[in-house]
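Just coords_36.txt here, compact mmCIF, C-alpha atoms and all ligand atoms:
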```txt
# COMPACT_ATOMS: atom_id res chain seq x y z
CA MET I 25 2.72 14.66 -42.43
CA GLU I 26 1.06 16.08 -39.35
CA VAL I 27 0.49 13.60 -36.53
CA ILE I 28 -2.02 14.16 -33.75
CA LEU I 29 -1.69 11.91 -30.72
CA ALA I 30 -4.76 11.67 -28.49
CA LYS I 31 -4.10 12.87 -24.93
CA THR I 32 -6.29 10.09 -23.57
CA ALA I 33 -4.54 7.31 -25.56
CA GLY I 34 -3.63 4.26 -23.51
CA PHE I 35 -3.94 3.30 -19.86
CA CYS I 36 -6.50 5.00 -17.66
CA PHE I 37 -5.47 5.93 -14.13
CA GLY I 38 -6.68 2.63 -12.59
CA VAL I 39 -4.99 0.36 -15.12
CA LYS I 40 -1.73 2.33 -14.98
CA ARG I 41 -1.71 2.03 -11.22
CA ALA I 42 -2.35 -1.74 -11.41
CA VAL I 43 0.31 -2.40 -14.06
CA ASP I 44 2.89 -0.30 -12.17
CA THR I 45 2.07 -2.28 -9.03
CA VAL I 46 2.77 -5.62 -10.75
CA TYR I 47 6.07 -4.37 -12.19
CA LYS I 48 7.06 -3.24 -8.68
CA GLU I 49 6.30 -6.69 -7.24
CA ALA I 50 7.80 -8.58 -10.20
CA GLY I 51 11.25 -9.11 -8.68
CA LYS I 52 9.89 -11.11 -5.72
CA LYS I 53 9.42 -14.89 -5.52
CA ASN I 54 6.05 -16.47 -6.44
CA VAL I 55 4.09 -13.49 -7.65
CA TYR I 56 0.66 -14.08 -9.17
CA THR I 57 -2.06 -11.88 -10.60
CA TYR I 58 -5.65 -12.96 -10.10
CA GLY I 59 -6.66 -12.93 -13.78
CA PRO I 60 -4.50 -11.25 -16.46
CA ILE I 61 -3.55 -7.77 -15.21
CA ILE I 62 -4.77 -6.24 -18.48
CA HIS I 63 -6.05 -7.50 -21.82
CA ASN I 64 -2.76 -7.06 -23.55
CA SER I 65 -0.70 -10.12 -24.40
CA GLU I 66 2.52 -8.07 -24.85
CA VAL I 67 2.36 -6.91 -21.23
CA VAL I 68 1.23 -10.27 -19.84
CA ASN I 69 4.07 -12.06 -21.69
CA ASP I 70 6.62 -9.49 -20.55
CA LEU I 71 5.51 -10.00 -16.95
CA LYS I 72 5.66 -13.76 -17.38
CA LYS I 73 9.30 -13.40 -18.39
CA LYS I 74 9.81 -11.54 -15.12
CA GLY I 75 8.28 -14.46 -13.23
CA VAL I 76 4.71 -13.20 -12.75
CA GLU I 77 2.15 -15.97 -13.28
CA VAL I 78 -1.58 -15.60 -13.89
CA ILE I 79 -4.12 -17.50 -11.79
CA ASN I 80 -7.36 -17.94 -13.64
CA SER I 81 -9.73 -19.39 -11.08
CA ARG I 82 -10.59 -19.78 -7.45
CA GLU I 83 -9.43 -23.42 -7.67
CA GLU I 84 -5.97 -22.33 -8.82
CA LEU I 85 -5.85 -19.86 -5.93
CA GLU I 86 -6.81 -22.62 -3.51
CA ALA I 87 -3.91 -24.73 -4.76
CA LEU I 88 -1.29 -22.05 -3.96
CA GLU I 89 0.85 -22.60 -0.91
CA GLU I 90 2.86 -19.43 -0.76
CA GLY I 91 3.48 -16.18 -2.55
CA THR I 92 1.92 -12.83 -3.37
CA VAL I 93 -1.44 -12.44 -5.09
CA ILE I 94 -2.16 -9.17 -6.85
CA ILE I 95 -5.77 -8.13 -7.40
CA ARG I 96 -6.19 -6.32 -10.73
CA SER I 97 -8.02 -3.05 -11.34
CA HIS I 98 -11.40 -4.80 -11.98
CA GLY I 99 -11.49 -5.90 -8.34
CA VAL I 100 -12.76 -9.21 -6.96
CA ALA I 101 -15.45 -10.53 -4.64
CA ARG I 102 -14.96 -10.40 -0.90
CA GLU I 103 -14.58 -14.19 -0.70
CA ILE I 104 -11.36 -13.97 -2.74
CA TYR I 105 -9.82 -11.56 -0.19
CA ASP I 106 -10.94 -13.95 2.56
CA LEU I 107 -9.41 -16.94 0.81
CA ILE I 108 -6.07 -15.15 0.29
CA HIS I 109 -6.00 -14.26 4.02
CA GLU I 110 -7.05 -17.77 5.12
CA LYS I 111 -4.25 -19.30 3.07
CA GLY I 112 -1.71 -16.92 4.57
CA LEU I 113 -0.76 -15.54 1.15
CA GLU I 114 0.39 -11.97 0.75
CA LEU I 115 -2.27 -9.71 -0.78
CA VAL I 116 -1.48 -6.70 -2.94
CA ASP I 117 -4.66 -4.87 -3.83
CA ALA I 118 -4.50 -2.98 -7.14
CA THR I 119 -8.27 -2.62 -7.44
CA CYS I 120 -9.07 0.74 -9.02
CA PRO I 121 -10.22 3.08 -6.23
CA PHE I 122 -13.33 3.89 -8.30
CA VAL I 123 -14.29 0.21 -8.34
CA ARG I 124 -13.46 -0.16 -4.65
CA LYS I 125 -15.87 2.69 -3.98
CA ILE I 126 -18.67 0.67 -5.62
CA HIS I 127 -17.84 -2.31 -3.40
CA LYS I 128 -18.29 -0.08 -0.36
CA ILE I 129 -21.58 1.36 -1.65
CA VAL I 130 -23.16 -2.06 -2.26
CA GLU I 131 -21.86 -3.50 0.98
CA LYS I 132 -23.36 -0.64 2.96
CA ALA I 133 -26.62 -0.82 0.97
CA GLY I 134 -26.97 -4.51 1.79
CA ASN I 135 -26.20 -3.91 5.46
CA ASP I 136 -28.86 -1.17 5.51
CA GLY I 137 -31.40 -3.63 4.09
CA ASP I 138 -31.52 -2.37 0.49
CA GLN I 139 -31.64 -4.67 -2.50
CA VAL I 140 -28.92 -3.82 -5.01
CA ILE I 141 -29.27 -3.47 -8.76
CA ILE I 142 -26.03 -3.51 -10.74
CA VAL I 143 -26.31 -2.11 -14.26
CA GLY I 144 -23.68 -3.87 -16.37
CA SER I 145 -22.64 -7.03 -18.21
CA GLU I 146 -23.36 -9.97 -15.99
CA HIS I 147 -20.24 -11.97 -16.86
CA HIS I 148 -17.77 -9.11 -16.72
CA PRO I 149 -15.23 -9.71 -13.91
CA GLU I 150 -15.83 -6.22 -12.49
CA VAL I 151 -19.56 -6.92 -12.17
CA GLN I 152 -18.88 -10.32 -10.62
CA GLY I 153 -16.56 -8.61 -8.15
CA ILE I 154 -19.21 -6.00 -7.24
CA LYS I 155 -21.80 -8.75 -6.83
CA GLY I 156 -19.41 -10.44 -4.45
CA TRP I 157 -19.60 -7.44 -2.07
CA CYS I 158 -23.40 -7.47 -1.89
CA THR I 159 -24.68 -8.77 1.41
CA GLY I 160 -28.38 -9.08 0.51
CA GLU I 161 -30.60 -9.39 -2.54
CA VAL I 162 -28.84 -8.44 -5.78
CA HIS I 163 -29.89 -8.18 -9.43
CA ILE I 164 -27.79 -7.52 -12.51
CA ILE I 165 -29.43 -5.84 -15.48
CA SER I 166 -28.29 -4.37 -18.79
CA ASP I 167 -31.61 -3.24 -20.26
CA ALA I 168 -35.02 -1.98 -19.14
CA GLU I 169 -36.85 -5.27 -19.76
CA GLN I 170 -34.87 -6.82 -16.96
CA PHE I 171 -36.56 -4.53 -14.43
CA GLU I 172 -39.52 -6.89 -14.78
CA GLY I 173 -39.36 -9.44 -12.05
CA ILE I 174 -37.64 -7.04 -9.64
CA ASP I 175 -39.81 -5.58 -6.89
CA LEU I 176 -38.93 -1.90 -7.23
CA ASN I 177 -41.11 -0.90 -4.31
CA LYS I 178 -38.48 -2.32 -1.97
CA PRO I 179 -35.69 -0.03 -0.76
CA THR I 180 -33.21 -0.19 -3.62
CA THR I 181 -29.72 1.04 -4.42
CA LEU I 182 -28.69 1.12 -8.06
CA VAL I 183 -25.06 1.24 -9.18
CA SER I 184 -23.31 0.82 -12.50
CA GLN I 185 -20.34 -1.01 -13.93
CA THR I 186 -17.65 1.68 -14.41
CA THR I 187 -17.50 1.19 -18.19
CA PHE I 188 -21.25 1.05 -18.84
CA ASN I 189 -22.63 3.30 -21.60
CA TYR I 190 -23.59 6.62 -20.00
CA LYS I 191 -26.56 7.30 -22.29
CA LYS I 192 -28.03 3.83 -21.69
CA PHE I 193 -27.62 4.30 -17.94
CA GLN I 194 -29.41 7.65 -18.04
CA ASP I 195 -32.28 6.09 -20.03
CA LEU I 196 -32.71 3.38 -17.41
CA VAL I 197 -32.75 5.91 -14.58
CA GLU I 198 -35.27 8.00 -16.51
CA ILE I 199 -37.64 5.02 -16.76
CA LEU I 200 -37.48 4.52 -12.99
CA ASN I 201 -38.07 8.22 -12.33
CA LYS I 202 -41.07 8.34 -14.66
CA LYS I 203 -42.61 5.41 -12.86
CA GLY I 204 -42.12 7.28 -9.61
CA TYR I 205 -39.92 4.73 -7.84
CA ASP I 206 -37.86 6.07 -5.00
CA ILE I 207 -34.50 4.48 -5.72
CA GLY I 208 -31.04 5.49 -4.55
CA VAL I 209 -29.15 5.94 -7.81
CA CYS I 210 -25.35 6.04 -7.70
CA ASN I 211 -23.85 6.91 -11.03
CA THR I 212 -20.59 5.01 -10.75
CA ILE I 213 -19.63 5.23 -14.42
CA CYS I 214 -16.01 6.27 -14.87
CA ASN I 215 -15.57 8.94 -17.51
CA ALA I 216 -12.09 7.78 -18.60
CA THR I 217 -13.65 5.57 -21.28
CA GLU I 218 -16.08 8.22 -22.49
CA GLU I 219 -13.39 10.88 -22.68
CA ARG I 220 -11.17 8.58 -24.73
CA GLN I 221 -14.04 7.81 -27.13
CA LEU I 222 -15.03 11.46 -27.53
CA GLU I 223 -11.46 12.48 -28.23
CA ALA I 224 -11.04 9.67 -30.80
CA LYS I 225 -14.19 10.83 -32.56
CA SER I 226 -13.17 14.45 -32.68
CA ILE I 227 -9.64 13.66 -33.94
CA ALA I 228 -10.92 11.14 -36.54
CA LYS I 229 -13.26 13.80 -37.93
CA GLY I 230 -10.41 16.08 -38.90
CA VAL I 231 -7.71 13.72 -40.21
CA ASP I 232 -7.00 11.83 -43.45
CA ALA I 233 -6.05 8.62 -41.66
CA MET I 234 -6.46 7.29 -38.16
CA VAL I 235 -4.47 4.64 -36.31
CA VAL I 236 -6.00 2.81 -33.36
CA ILE I 237 -3.51 0.81 -31.31
CA GLY I 238 -4.83 -2.02 -29.18
CA ASP I 239 -4.94 -5.71 -28.52
CA LYS I 240 -7.32 -7.64 -30.78
CA GLN I 241 -8.95 -9.04 -27.63
CA SER I 242 -9.59 -5.62 -26.11
CA SER I 243 -13.22 -4.64 -26.53
CA ASN I 244 -12.65 -0.96 -25.72
CA SER I 245 -9.95 -0.77 -28.43
CA GLN I 246 -12.35 -2.30 -30.94
CA LYS I 247 -14.93 0.24 -29.92
CA LEU I 248 -12.40 3.04 -30.58
CA TYR I 249 -11.77 1.52 -33.99
CA GLU I 250 -15.52 1.49 -34.81
CA ILE I 251 -15.99 5.10 -33.63
CA SER I 252 -12.97 6.28 -35.63
CA LYS I 253 -13.91 4.31 -38.74
CA LYS I 254 -17.31 6.01 -38.80
CA GLU I 255 -15.63 9.40 -38.98
CA CYS I 256 -12.61 8.45 -41.05
CA GLU I 257 -12.79 5.68 -43.65
CA ASN I 258 -8.99 5.35 -43.58
CA THR I 259 -8.79 3.89 -40.08
CA PHE I 260 -6.28 1.15 -39.19
CA PHE I 261 -6.38 -1.14 -36.17
CA VAL I 262 -2.90 -2.31 -35.14
CA GLN I 263 -1.56 -4.20 -32.18
CA THR I 264 2.02 -2.91 -32.39
CA LEU I 265 4.28 -1.05 -34.78
CA ARG I 266 4.90 -4.37 -36.59
CA ASP I 267 1.34 -4.32 -37.98
CA LEU I 268 1.66 -0.84 -39.39
CA ASP I 269 2.56 -0.41 -43.05
CA LEU I 270 4.11 3.07 -43.07
CA LYS I 271 4.10 3.14 -46.87
CA LEU I 272 0.32 3.53 -46.74
CA PHE I 273 0.81 6.96 -45.18
CA GLU I 274 3.25 8.34 -47.73
CA SER I 275 0.81 10.78 -49.25
CA THR I 276 -1.28 11.36 -46.13
CA GLY I 277 -1.56 14.91 -44.83
CA LYS I 278 -2.88 14.47 -41.31
CA VAL I 279 -2.87 11.32 -39.19
CA GLY I 280 -4.51 10.77 -35.81
CA ILE I 281 -3.39 8.21 -33.26
CA THR I 282 -5.32 6.84 -30.33
CA ALA I 283 -5.02 3.68 -28.23
CA GLY I 284 -7.20 1.47 -26.06
CA ALA I 285 -7.17 1.48 -22.28
CA SER I 286 -4.87 -1.54 -22.14
CA THR I 287 -2.22 -0.36 -24.62
CA PRO I 288 1.15 0.33 -22.97
CA GLN I 289 2.81 3.72 -23.43
CA LYS I 290 5.88 2.04 -24.91
CA ILE I 291 3.87 0.73 -27.88
CA ILE I 292 2.08 4.07 -28.37
CA LYS I 293 5.42 5.90 -28.34
CA GLU I 294 6.93 3.50 -30.88
CA VAL I 295 4.09 4.07 -33.32
CA HIS I 296 4.07 7.82 -32.70
CA ALA I 297 7.85 8.09 -33.14
CA SER I 298 7.82 6.08 -36.38
CA MET I 299 5.26 8.43 -37.87
CA THR I 300 6.76 11.68 -36.67
CA GLU I 301 10.18 10.48 -37.78
CA LYS I 302 8.75 10.21 -41.22
CA SER I 303 7.47 13.74 -41.10
CA PHE I 304 10.85 14.79 -39.75
CA GLU I 305 12.48 13.31 -42.87
CA GLU I 306 10.00 15.17 -45.01
CA LEU I 307 10.78 18.37 -43.18
CA LEU I 308 14.48 17.82 -43.77
CA GLU I 309 13.83 17.26 -47.43
CA GLU I 310 11.72 20.38 -47.63
CA SER I 311 14.36 22.51 -45.92
CA PHE I 312 16.99 21.03 -48.25
CA VAL I 313 14.89 22.08 -51.24
CA THR I 314 14.45 25.57 -49.76
CA ILE I 315 18.17 25.96 -49.07
CA HIS I 316 19.04 24.56 -52.47
CA ASN I 317 16.63 26.81 -54.30
CA GLY I 318 17.52 29.78 -52.17
FE1 LIG I 401 -10.65 2.79 -12.92
FE2 LIG I 401 -12.00 4.15 -14.66
FE3 LIG I 401 -9.90 2.86 -15.39
S1 LIG I 401 -12.81 2.88 -13.06
S2 LIG I 401 -9.79 1.13 -14.05
S3 LIG I 401 -9.95 4.60 -13.99
S4 LIG I 401 -11.77 3.06 -16.56
```
Any chance you could give the structure as structure tokens?
Amino acid sequence: MEVILAKTAGFCFGVKRAVDTVYKEAGKKNVYTYGPIIHNSEVVNDLKKKGVEVINSREELEALEEGTVIIRSHGVAREIYDLIHEKGLELVDATCPFVRKIHKIVEKAGNDGDQVIIVGSEHHPEVQGIKGWCTGEVHIISDAEQFEGIDLNKPTTLVSQTTFNYKKFQDLVEILNKKGYDIGVCNTICNATEERQLEAKSIAKGVDAMVVIGDKQSSNSQKLYEISKKECENTFFVQTLRDLDLKLFESTGKVGITAGASTPQKIIKEVHASMTEKSFEELLEESFVTIHNG
């Protein structure tokens, strides 16, 4: 069996950086992450065993008396930084630098008197964090209809959630251009997600079976599953090696593996090793037959 592992499988740069940061802090006393560090229960539980607790709200943060608070890659609103400082807690900022850049753009835009339009999902923590750096008027939209009700003749800066669909973003910008509005557009989409999806699609096209590794709660892993399934009917969505029935691959020629942005390398390696081990056994068998017949 030939196994192709996607180069983009697993953590993106920002998530890797954030997870590494928490593991580095994990030995200290009273370490908290503001929200789960990633959508992966294996990692969150492992960190819990190492003493890292998750705070889920501003109220829980207010109740803390001491310790270290780690900001995850999604980032948070400015008021959360202020609260951590006011309370005298230690702050470790693992916000992805690409997200931090958006905070700076919207803060400056507001200070310059621009209204800000954020293209993204209103309730996503990253979008809430970006909103929390806006100093003036701010609107959040995810489709063109929502432009109605916004005065686009005002000086405007438009940014995007890092994981927003690139094609949809381009369509929205196109509408504004056609209408002749003079708007400062900052394409702040991160291409880590797109690259992972494109690679999954191209691998899935050429294999007999595809394995997508990710947490059931992770929306980007589900998306990878949908993309792969379209190209390869034989696509399996697993959380860890435990969910994988290796017998199903006994007569499979080529298998592709990819993983969502929140899947740890350790889990990817376990799955990869189990499948290549199998092909290794086959190879051994083949060479035995060759030697025997020779
Ligand atoms: Fe950062 Fe892009 Fe990942 S914005 S958190 S590197 S998807």
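Nearest to ligand LIG 401 (chain I) of all the residues I:His109, I:Arg102, I:Arg124, I:Lys52 is I:Arg124, counting all atoms listed in the file.
The nearest approach to ligand LIG 401 (chain I) among the residues I:Ile213, I:Val162, I:Ile108, I:Val143, with all atoms listed in the file taken into account, belongs to I:Ile213.
The residue set within 9 Å of Thr282 (chain I), counting all atoms listed in the file and dropping same-chain residues fewer than 2 places from it, reads Ile28, Leu29, Ala30, Lys31, Thr32, Ala33, Gly34, Arg220, Glu223, Ala224, Ile227, Met234, Val235, Val236, Ile237, Gly238, Leu248, Gly280, Gly284 and Ile292 of chain I.
Each residue with an atom within 7 Å of any atom of ligand LIG 401 (chain I) appears in the list, which was built counting only C-alpha atoms and all ligand atoms: Cys36, Phe37, Gly38, Val39, Ser97, His98, Cys120, Pro121, Phe122, Val123, Thr186, Thr187, Cys214, Asn215, Ala216 and Thr217 of chain I.
Residues lying within 12 Å of Ala87 (chain I), counting only C-alpha atoms and ignoring same-chain neighbours fewer than 5 positions away, are Ile79, Asn80, Ser81, Arg82, Leu107, Ile108, Lys111 and Leu113 of chain I.
Note that CA of Glu86 (chain I) and CA of Lys155 (chain I) are 20.7 Å apart.
Here the question is which of I:Val55, I:Ile154, I:Val43, I:Val78 gets nearest to Leu182 (chain I) using all atoms listed in the file, and that residue is I:Ile154.
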(Q) Between CA of Pro60 (chain I) and CA of Arg96 (chain I), what distance in Å does the model show, to one decimal? (A) 7.7 Å
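The gap separating CA of Lys203 (chain I) from CA of Pro179 (chain I) is 15.0 Å, in Å to one decimal.
Neighbours of Ile164 (chain I) closer than or equal to 9 Å, with all atoms listed in the file counted and sequence neighbours fewer than 4 positions away skipped, come out as Val140, Ile141, Ile142, Val143, Gly144, Ser145, Glu146, Val151, Lys155 and Gln170 of chain I.
Considering all atoms listed in the file, the residue among I:Thr287, I:Thr119, I:Asn135, I:Gln221 positioned nearest to Lys240 (chain I) is I:Thr287.
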I want to know what sits within 12 Å of Thr57 (chain I), based on only C-alpha atoms, with residues of the same chain fewer than 6 positions away left out; could you give that as a PDB file with C-alpha atoms, in the frame of the given file?
```
ATOM      1  CA  ALA I  42      -2.350  -1.740 -11.410  1.00  0.00           C
ATOM      2  CA  VAL I  43       0.310  -2.400 -14.060  1.00  0.00           C
ATOM      3  CA  THR I  45       2.070  -2.280  -9.030  1.00  0.00           C
ATOM      4  CA  VAL I  46       2.770  -5.620 -10.750  1.00  0.00           C
ATOM      5  CA  TYR I  47       6.070  -4.370 -12.190  1.00  0.00           C
ATOM      6  CA  GLU I  49       6.300  -6.690  -7.240  1.00  0.00           C
ATOM      7  CA  ALA I  50       7.800  -8.580 -10.200  1.00  0.00           C
ATOM      8  CA  VAL I  68       1.230 -10.270 -19.840  1.00  0.00           C
ATOM      9  CA  LEU I  71       5.510 -10.000 -16.950  1.00  0.00           C
ATOM     10  CA  LYS I  72       5.660 -13.760 -17.380  1.00  0.00           C
ATOM     11  CA  GLY I  75       8.280 -14.460 -13.230  1.00  0.00           C
ATOM     12  CA  VAL I  76       4.710 -13.200 -12.750  1.00  0.00           C
ATOM     13  CA  GLU I  77       2.150 -15.970 -13.280  1.00  0.00           C
ATOM     14  CA  VAL I  78      -1.580 -15.600 -13.890  1.00  0.00           C
ATOM     15  CA  ILE I  79      -4.120 -17.500 -11.790  1.00  0.00           C
ATOM     16  CA  ASN I  80      -7.360 -17.940 -13.640  1.00  0.00           C
ATOM     17  CA  SER I  81      -9.730 -19.390 -11.080  1.00  0.00           C
ATOM     18  CA  GLU I  84      -5.970 -22.330  -8.820  1.00  0.00           C
ATOM     19  CA  LEU I  85      -5.850 -19.860  -5.930  1.00  0.00           C
ATOM     20  CA  GLY I  91       3.480 -16.180  -2.550  1.00  0.00           C
ATOM     21  CA  THR I  92       1.920 -12.830  -3.370  1.00  0.00           C
ATOM     22  CA  VAL I  93      -1.440 -12.440  -5.090  1.00  0.00           C
ATOM     23  CA  ILE I  94      -2.160  -9.170  -6.850  1.00  0.00           C
ATOM     24  CA  ILE I  95      -5.770  -8.130  -7.400  1.00  0.00           C
ATOM     25  CA  ARG I  96      -6.190  -6.320 -10.730  1.00  0.00           C
ATOM     26  CA  SER I  97      -8.020  -3.050 -11.340  1.00  0.00           C
ATOM     27  CA  HIS I  98     -11.400  -4.800 -11.980  1.00  0.00           C
ATOM     28  CA  GLY I  99     -11.490  -5.900  -8.340  1.00  0.00           C
ATOM     29  CA  VAL I 100     -12.760  -9.210  -6.960  1.00  0.00           C
ATOM     30  CA  GLU I 114       0.390 -11.970   0.750  1.00  0.00           C
ATOM     31  CA  LEU I 115      -2.270  -9.710  -0.780  1.00  0.00           C
ATOM     32  CA  VAL I 116      -1.480  -6.700  -2.940  1.00  0.00           C
ATOM     33  CA  ASP I 117      -4.660  -4.870  -3.830  1.00  0.00           C
ATOM     34  CA  ALA I 118      -4.500  -2.980  -7.140  1.00  0.00           C
ATOM     35  CA  THR I 119      -8.270  -2.620  -7.440  1.00  0.00           C
TER      36      THR I 119
END
```
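Considering all atoms listed in the file, the residue among I:Asp195, I:Phe188, I:Pro149, I:Glu301 positioned nearest to Ala168 (chain I) is I:Asp195.
Each of I:Ala228, I:Val130, I:Ile62, I:Leu176 was compared to Phe35 (chain I) using only C-alpha atoms, and I:Ile62 turns out to be the nearest.
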Within 7 Å of Glu131 (chain I) using only C-alpha atoms, minus same-chain residues under 4 positions, as a PDB file with C-alpha atoms, in the frame of the given file:
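Wrote it out as around_13.pdb, contents follow:
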```
ATOM      1  CA  HIS I 127     -17.840  -2.310  -3.400  1.00  0.00           C
ATOM      2  CA  ASN I 135     -26.200  -3.910   5.460  1.00  0.00           C
ATOM      3  CA  TRP I 157     -19.600  -7.440  -2.070  1.00  0.00           C
ATOM      4  CA  CYS I 158     -23.400  -7.470  -1.890  1.00  0.00           C
ATOM      5  CA  THR I 159     -24.680  -8.770   1.410  1.00  0.00           C
TER       6      THR I 159
END
```
What would region 233-244 of chain I look like with N, CA and C atoms restored, written as an mmCIF file, in the coordinates of the input?
```cif
data_model
loop_
_atom_site.group_PDB
_atom_site.id
_atom_site.type_symbol
_atom_site.label_atom_id
_atom_site.label_comp_id
_atom_site.auth_asym_id
_atom_site.auth_seq_id
_atom_site.Cartn_x
_atom_site.Cartn_y
_atom_site.Cartn_z
ATOM 1 N N ALA I 233 -6.182 10.030 -42.052
ATOM 2 C CA ALA I 233 -6.050 8.620 -41.660
ATOM 3 C C ALA I 233 -5.981 8.553 -40.137
ATOM 4 N N MET I 234 -6.423 7.438 -39.612
ATOM 5 C CA MET I 234 -6.460 7.290 -38.160
ATOM 6 C C MET I 234 -5.866 5.923 -37.804
ATOM 7 N N VAL I 235 -5.048 5.904 -36.764
ATOM 8 C CA VAL I 235 -4.470 4.640 -36.310
ATOM 9 C C VAL I 235 -4.956 4.371 -34.893
ATOM 10 N N VAL I 236 -5.560 3.201 -34.708
ATOM 11 C CA VAL I 236 -6.000 2.810 -33.360
ATOM 12 C C VAL I 236 -5.097 1.661 -32.922
ATOM 13 N N ILE I 237 -4.424 1.849 -31.778
ATOM 14 C CA ILE I 237 -3.510 0.810 -31.310
ATOM 15 C C ILE I 237 -4.156 0.069 -30.144
ATOM 16 N N GLY I 238 -4.236 -1.248 -30.273
ATOM 17 C CA GLY I 238 -4.830 -2.020 -29.180
ATOM 18 C C GLY I 238 -4.753 -3.498 -29.442
ATOM 19 N N ASP I 239 -4.933 -4.266 -28.387
ATOM 20 C CA ASP I 239 -4.940 -5.710 -28.520
ATOM 21 C C ASP I 239 -6.234 -6.140 -29.207
ATOM 22 N N LYS I 240 -6.125 -7.173 -30.054
ATOM 23 C CA LYS I 240 -7.320 -7.640 -30.780
ATOM 24 C C LYS I 240 -8.409 -8.124 -29.805
ATOM 25 N N GLN I 241 -7.996 -8.534 -28.614
ATOM 26 C CA GLN I 241 -8.950 -9.040 -27.630
ATOM 27 C C GLN I 241 -9.634 -7.914 -26.832
ATOM 28 N N SER I 242 -9.092 -6.703 -26.958
ATOM 29 C CA SER I 242 -9.590 -5.620 -26.110
ATOM 30 C C SER I 242 -10.844 -4.987 -26.697
ATOM 31 N N SER I 243 -11.950 -5.120 -25.970
ATOM 32 C CA SER I 243 -13.220 -4.640 -26.530
ATOM 33 C C SER I 243 -13.253 -3.111 -26.600
ATOM 34 N N ASN I 244 -12.600 -2.425 -25.650
ATOM 35 C CA ASN I 244 -12.650 -0.960 -25.720
ATOM 36 C C ASN I 244 -11.801 -0.434 -26.883
#
```
